[in-house]
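Below is one structure, written out as structure tokens; comments come after it.
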Amino acid sequence: MASVITGIDTAALSSLLEKVHRDTGYDFREYKRGTVTRRLERRLHATGVKTYLEYMEFLDAHPEEYQRLADDLTIKVSEFFRSPYTFRQVDSLMLPELASFKRDRGERSLRFWSTSCARGEEPYSMAILLAEFLGNRRQDFDISIYATDVSRQALREARAGVYSPKGVKGLTPTLLEKYFTRYDKGYVAKTDIRQMVSFSYFDLTSTIRQPFMNLDCIFCCNVLIYLQSQLQKRVLSMLYDSLTAPGYLVLGEAETPTNSLNEKLACLDSKAKIYKKNRRRR
Ligand SMILES: C[S@@+](CC[C@H](N)C(=O)[O-])C[C@H]1O[C@@H](n2cnc3c(N)ncnc32)[C@H](O)[C@@H]1O
């Protein structure tokens, strides 16, 4: 398809992203241009227009297209225990250390945040991991798992906790039986783990204050990869401020965080990118 994108019209692209931000609040201005242009090219093709300027006119005439564009730009691919290695390392390195710290201090609260939760696969995996790790010590803790995303549709689906047979492929048969109920078209998460997670809207590009404080652990997986480095830095700094000490930041195998992270945080696992905020700034 011949399109503007081969010789990117940077000025028109910036105007388009400004317009989307102004009209919808979605802020893709500091997302990586490669991903944005590839996804936009699909929308241009689908709507039958050839240039960004024509696409802006199309948006004015068909405001419902904004949502389709946002759906395409917020890539919601996820899976239960998506990176098994990362979850294994969280289970074997981080949870024992965190639980023993809490026990020694006589503290009951365990506060986790999944910052880009998609349809709930990640926060429910965290809930299952905690439930399995703690077993009957679970009553000793007040567990809160906050799960946020910029996609309201994904959040609605996450709250419902309903998955197709394909959607639960990351779960072992044992975990599936223990934490999900089968129904004719698929599986629904049991109340037990649904009650551990609270879903709400939060946009990581937002410049308002962080929504949660004193967190023990934050998962920010498979989302920074879509952001330009300045925005990545701002998000990571906000996440750092949201952690208590000791507190853990889990980025997963796909992310390649900026070096500045190593100046502030100790790296527990360089492959799973698990970092620890210590008592004192390093
Ligand atoms: C590829 S999915 C990753 C889901 C999950 N964290 C995982 O690792 O499987 C990326 C998610 O980031 C969300 N997202 C994209 N931009 C965001 C933003 N600015 N603020 C919050 N969430 C965002 C998308 O809606 C999508 O659900």
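Residues in the structure tokens are named by chain (A, B, ... in the order shown) and by number from 1 within that chain; ligands are numbered from 1 in the order shown.
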
Check your understanding: Which polymer residues have any atom within 6 Å of an atom of region 188-199 of chain A, counting only C-alpha atoms, with same-chain residues fewer than 6 positions away left out, as an MDAnalysis selection string?
Key -> chainID A and resid 127 144:148 161:162 179:181

Exercise for review: Using only C-alpha atoms and all ligand atoms, find each residue with an atom at most 10 Å away from ligand 1 and format the answer as a PyMOL selection string.
Suggested key: chain A and resi 26-28+30-31+70-83+114-123+147-155+201-206+219-227+231+235+251-255

Check your understanding: Could you name the residues that touch Arg137 (chain A) at 12 Å or less, counting only C-alpha atoms, but leaving out those on the same chain fewer than 4 positions away, as a ChimeraX atom specification?
Key -> /A:99-100,103,108,130-133,141-143

Taking N, CA and C atoms for each residue, export the selection above as a tab-separated table (two decimals), in the first residue's frame.
chain	number	residue	atom	x	y	z
A	99	ALA	N	8.03	-11.76	52.50
A	99	ALA	CA	7.19	-12.34	53.57
A	99	ALA	C	7.97	-12.36	54.88
A	100	SER	N	9.27	-12.67	54.82
A	100	SER	CA	10.00	-12.75	56.09
A	100	SER	C	10.24	-11.35	56.65
A	103	ARG	N	6.99	-10.46	58.32
A	103	ARG	CA	6.79	-11.23	59.55
A	103	ARG	C	7.65	-10.66	60.67
A	108	ARG	N	1.18	-6.56	58.43
A	108	ARG	CA	0.22	-7.44	57.77
A	108	ARG	C	-0.02	-7.09	56.30
A	130	LEU	N	0.47	-15.45	44.86
A	130	LEU	CA	0.46	-15.15	46.29
A	130	LEU	C	-0.32	-16.19	47.07
A	131	ALA	N	-1.49	-16.58	46.53
A	131	ALA	CA	-2.32	-17.58	47.22
A	131	ALA	C	-1.56	-18.90	47.35
A	132	GLU	N	-0.86	-19.29	46.29
A	132	GLU	CA	-0.10	-20.55	46.32
A	132	GLU	C	1.09	-20.44	47.27
A	133	PHE	N	1.76	-19.31	47.22
A	133	PHE	CA	2.96	-19.13	48.05
A	133	PHE	C	2.60	-19.11	49.54
A	141	PHE	N	-2.10	-12.00	56.35
A	141	PHE	CA	-1.83	-10.78	55.57
A	141	PHE	C	-3.10	-10.13	55.04
A	142	ASP	N	-3.04	-8.79	54.93
A	142	ASP	CA	-4.10	-8.05	54.21
A	142	ASP	C	-3.54	-7.77	52.82
A	143	ILE	N	-4.08	-8.51	51.85
A	143	ILE	CA	-3.51	-8.40	50.50
A	143	ILE	C	-4.32	-7.46	49.62

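Here the residues within region 187-272 of chain A that DSSP labels strand (DSSP E) on the basis of the backbone are Tyr187, Val188, Ala189, Val197, Ser198, Phe199, Ser200, Tyr201, Leu215, Asp216, Cys217, Ile218, Phe219, Leu243, Thr244, Ala245, Pro246, Gly247, Tyr248, Leu249, Val250, Ala266, Cys267, Leu268 and Asp269 of chain A.
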
Exercise for review: Pick out each residue of region 125-177 of chain A that DSSP on the backbone tags as alpha helix (DSSP H); I need them as number ranges by chain.
Suggested key: A: 125-134, 152-160, 173-177

Would you mind exporting C-alpha atoms of the selected residues as an mmCIF file, in the first residue's frame?
data_model
loop_
_atom_site.group_PDB
_atom_site.id
_atom_site.type_symbol
_atom_site.label_atom_id
_atom_site.label_comp_id
_atom_site.auth_asym_id
_atom_site.auth_seq_id
_atom_site.Cartn_x
_atom_site.Cartn_y
_atom_site.Cartn_z
ATOM 1 C CA SER A 125 -1.582 -14.429 38.008
ATOM 2 C CA MET A 126 -0.149 -12.334 40.868
ATOM 3 C CA ALA A 127 -3.154 -13.254 43.040
ATOM 4 C CA ILE A 128 -2.719 -16.964 42.260
ATOM 5 C CA LEU A 129 1.030 -16.771 42.895
ATOM 6 C CA LEU A 130 0.459 -15.151 46.293
ATOM 7 C CA ALA A 131 -2.317 -17.575 47.225
ATOM 8 C CA GLU A 132 -0.098 -20.550 46.319
ATOM 9 C CA PHE A 133 2.963 -19.128 48.052
ATOM 10 C CA LEU A 134 1.202 -18.210 51.296
ATOM 11 C CA ARG A 152 -11.603 0.969 29.764
ATOM 12 C CA GLN A 153 -12.779 -1.936 27.626
ATOM 13 C CA ALA A 154 -9.899 -4.130 28.856
ATOM 14 C CA LEU A 155 -10.742 -3.130 32.445
ATOM 15 C CA ARG A 156 -14.392 -4.136 31.972
ATOM 16 C CA GLU A 157 -13.302 -7.545 30.679
ATOM 17 C CA ALA A 158 -10.763 -7.897 33.485
ATOM 18 C CA ARG A 159 -13.406 -7.218 36.144
ATOM 19 C CA ALA A 160 -15.677 -9.864 34.599
ATOM 20 C CA PRO A 173 -4.748 -27.866 34.842
ATOM 21 C CA THR A 174 -4.313 -27.840 38.640
ATOM 22 C CA LEU A 175 -4.377 -24.028 38.905
ATOM 23 C CA LEU A 176 -7.233 -23.828 36.432
ATOM 24 C CA GLU A 177 -9.354 -26.184 38.488
#

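Taking CA of Arg88 (chain A) as the reference point, CA of Gly106 (chain A) is found at 26.1 Å.
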
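If you measure from each of A:Val168, A:Leu236, A:Val90, A:Ala46 to Lys271 (chain A) using only C-alpha atoms, the closest one turns out to be A:Val90.
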
Practice item. Compile the contact shell of Leu261 (chain A) as a ChimeraX atom specification: residues with an atom at most 10 Å away, counting only C-alpha atoms, same-chain residues fewer than 5 positions apart removed. Key: /A:233,236-237,240,266-267,275

Would you output that residue set with N, CA, C and O atoms, as a short mmCIF file (atom, residue, chain, number, x, y, z; two decimals), in the first residue's frame?
data_model
loop_
_atom_site.label_atom_id
_atom_site.label_comp_id
_atom_site.auth_asym_id
_atom_site.auth_seq_id
_atom_site.Cartn_x
_atom_site.Cartn_y
_atom_site.Cartn_z
N LYS A 233 11.50 7.11 31.28
CA LYS A 233 12.20 7.62 32.48
C LYS A 233 11.20 8.22 33.46
O LYS A 233 11.30 8.00 34.67
N LEU A 236 9.22 5.40 35.10
CA LEU A 236 10.03 4.65 36.07
C LEU A 236 10.26 5.47 37.34
O LEU A 236 10.26 4.93 38.44
N SER A 237 10.42 6.76 37.17
CA SER A 237 10.63 7.61 38.35
C SER A 237 9.36 7.65 39.21
O SER A 237 9.42 7.59 40.44
N TYR A 240 9.16 4.36 41.01
CA TYR A 240 10.13 4.36 42.11
C TYR A 240 9.53 5.06 43.34
O TYR A 240 9.59 4.57 44.45
N ALA A 266 18.65 -1.96 43.30
CA ALA A 266 19.52 -3.13 43.20
C ALA A 266 18.85 -4.14 42.28
O ALA A 266 17.64 -4.33 42.36
N CYS A 267 19.64 -4.76 41.40
CA CYS A 267 19.06 -5.72 40.47
C CYS A 267 19.09 -7.12 41.10
O CYS A 267 20.15 -7.63 41.42
N TYR A 275 13.91 -5.64 40.32
CA TYR A 275 14.74 -4.67 41.03
C TYR A 275 14.20 -4.46 42.44
O TYR A 275 13.02 -4.65 42.69
#

Point to revise | Residues near Pro165 (chain A), cut-off 9 Å, only C-alpha atoms, skip fewer than 3 positions along chain, as a PyMOL selection string | key: chain A and resi 168-169+185-187

Exercise for review: For each of A:Ile208, A:Leu243, A:Ile274, A:Met238, take the minimum atom-to-atom distance to Ser92 (chain A), counting only C-alpha atoms, then give the residue where this is smallest.
Suggested key: A:Ile274

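Using only C-alpha atoms, the smallest distance between any of A:Lys273, A:Arg209, A:Lys102, A:His45 and Gln89 (chain A) comes from A:Lys273.
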
Check your understanding: Which residues come within 10 Å of Thr244 (chain A), counting only C-alpha atoms, excluding same-chain residues fewer than 4 positions away, as number ranges by chain?
Key -> A: 111, 213-217, 240, 248, 276-279

Would you output that residue set with all heavy atoms, as a CSV table (one decimal), in the first residue's frame?
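The result, stored in selection_19.csv:
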chain,number,residue,atom,x,y,z
A,111,ARG,N,1.0,-4.9,49.5
A,111,ARG,CA,0.4,-4.1,48.5
A,111,ARG,C,1.1,-4.2,47.1
A,111,ARG,O,2.3,-3.9,47.0
A,111,ARG,CB,0.5,-2.6,49.0
A,111,ARG,CG,-0.4,-2.4,50.2
A,111,ARG,CD,-0.1,-1.1,50.9
A,111,ARG,NE,-0.1,0.1,50.1
A,111,ARG,CZ,-1.2,0.7,49.7
A,111,ARG,NH1,-2.4,0.3,50.1
A,111,ARG,NH2,-1.1,1.8,48.9
A,213,MET,N,0.7,4.6,46.9
A,213,MET,CA,1.9,4.8,47.6
A,213,MET,C,2.2,3.6,48.5
A,213,MET,O,1.4,2.7,48.7
A,213,MET,CB,1.7,6.0,48.6
A,213,MET,CG,1.4,7.3,47.9
A,213,MET,SD,2.8,7.9,47.0
A,213,MET,CE,4.0,8.4,48.3
A,214,ASN,N,3.5,3.6,48.9
A,214,ASN,CA,3.9,2.5,49.9
A,214,ASN,C,3.6,1.1,49.3
A,214,ASN,O,3.2,0.2,50.1
A,214,ASN,CB,3.2,2.6,51.2
A,214,ASN,CG,3.6,4.0,51.9
A,214,ASN,OD1,4.8,4.4,51.7
A,214,ASN,ND2,2.6,4.6,52.5
A,215,LEU,N,3.9,0.9,48.1
A,215,LEU,CA,3.7,-0.4,47.5
A,215,LEU,C,4.9,-1.4,47.7
A,215,LEU,O,6.0,-0.9,47.7
A,215,LEU,CB,3.5,-0.3,46.0
A,215,LEU,CG,2.2,0.4,45.6
A,215,LEU,CD1,2.3,1.0,44.2
A,215,LEU,CD2,1.0,-0.5,45.8
A,216,ASP,N,4.6,-2.6,48.0
A,216,ASP,CA,5.6,-3.6,48.2
A,216,ASP,C,6.2,-4.1,46.8
A,216,ASP,O,7.3,-4.5,46.8
A,216,ASP,CB,5.1,-4.8,49.0
A,216,ASP,CG,4.7,-4.4,50.4
A,216,ASP,OD1,5.5,-3.9,51.1
A,216,ASP,OD2,3.5,-4.5,50.7
A,217,CYS,N,5.3,-4.2,45.8
A,217,CYS,CA,5.8,-4.7,44.6
A,217,CYS,C,4.9,-4.1,43.4
A,217,CYS,O,3.7,-4.0,43.5
A,217,CYS,CB,5.6,-6.2,44.6
A,217,CYS,SG,5.8,-7.0,43.0
A,240,TYR,N,9.2,4.4,41.0
A,240,TYR,CA,10.1,4.4,42.1
A,240,TYR,C,9.5,5.1,43.3
A,240,TYR,O,9.6,4.6,44.4
A,240,TYR,CB,11.4,5.1,41.7
A,240,TYR,CG,12.5,5.1,42.7
A,240,TYR,CD1,13.4,4.1,42.9
A,240,TYR,CD2,12.5,6.3,43.6
A,240,TYR,CE1,14.3,4.2,44.0
A,240,TYR,CE2,13.5,6.3,44.6
A,240,TYR,CZ,14.4,5.3,44.8
A,240,TYR,OH,15.3,5.4,45.8
A,248,TYR,N,9.8,-3.8,45.5
A,248,TYR,CA,10.3,-4.5,44.3
A,248,TYR,C,9.6,-4.1,43.1
A,248,TYR,O,8.4,-3.9,43.0
A,248,TYR,CB,10.1,-6.0,44.5
A,248,TYR,CG,10.7,-6.6,45.7
A,248,TYR,CD1,10.1,-6.5,47.0
A,248,TYR,CD2,12.0,-7.2,45.7
A,248,TYR,CE1,10.7,-7.0,48.1
A,248,TYR,CE2,12.6,-7.7,46.8
A,248,TYR,CZ,11.9,-7.6,48.0
A,248,TYR,OH,12.5,-8.1,49.2
A,276,LYS,N,15.1,-4.0,43.3
A,276,LYS,CA,14.7,-3.8,44.7
A,276,LYS,C,15.1,-2.4,45.1
A,276,LYS,O,16.2,-2.0,44.9
A,276,LYS,CB,15.4,-4.8,45.6
A,276,LYS,CG,15.1,-4.7,47.0
A,276,LYS,CD,15.8,-5.9,47.8
A,276,LYS,CE,15.5,-5.8,49.3
A,276,LYS,NZ,16.3,-6.8,50.0
A,277,LYS,N,14.1,-1.7,45.7
A,277,LYS,CA,14.4,-0.4,46.3
A,277,LYS,C,14.8,-0.7,47.8
A,277,LYS,O,14.1,-1.3,48.5
A,277,LYS,CB,13.2,0.4,46.3
A,277,LYS,CG,13.3,1.8,46.9
A,277,LYS,CD,12.1,2.6,46.7
A,277,LYS,CE,12.1,4.0,47.4
A,277,LYS,NZ,10.9,4.8,47.0
A,278,ASN,N,16.0,-0.3,48.1
A,278,ASN,CA,16.5,-0.6,49.4
A,278,ASN,C,16.2,0.6,50.4
A,278,ASN,O,15.7,1.6,49.9
A,278,ASN,CB,18.0,-0.8,49.4
A,278,ASN,CG,18.3,-2.2,48.8
A,278,ASN,OD1,17.8,-3.2,49.3
A,278,ASN,ND2,19.2,-2.3,47.8
A,279,ARG,N,16.5,0.4,51.6
A,279,ARG,CA,16.2,1.4,52.6
A,279,ARG,C,16.8,2.8,52.2
A,279,ARG,O,16.2,3.8,52.2
A,279,ARG,CB,16.8,1.1,54.0
A,279,ARG,CG,16.4,-0.2,54.5
A,279,ARG,CD,15.8,-0.2,55.8
A,279,ARG,NE,14.5,-0.7,55.7
A,279,ARG,CZ,13.4,-0.1,56.1
A,279,ARG,NH1,13.5,1.1,56.6
A,279,ARG,NH2,12.2,-0.6,55.9
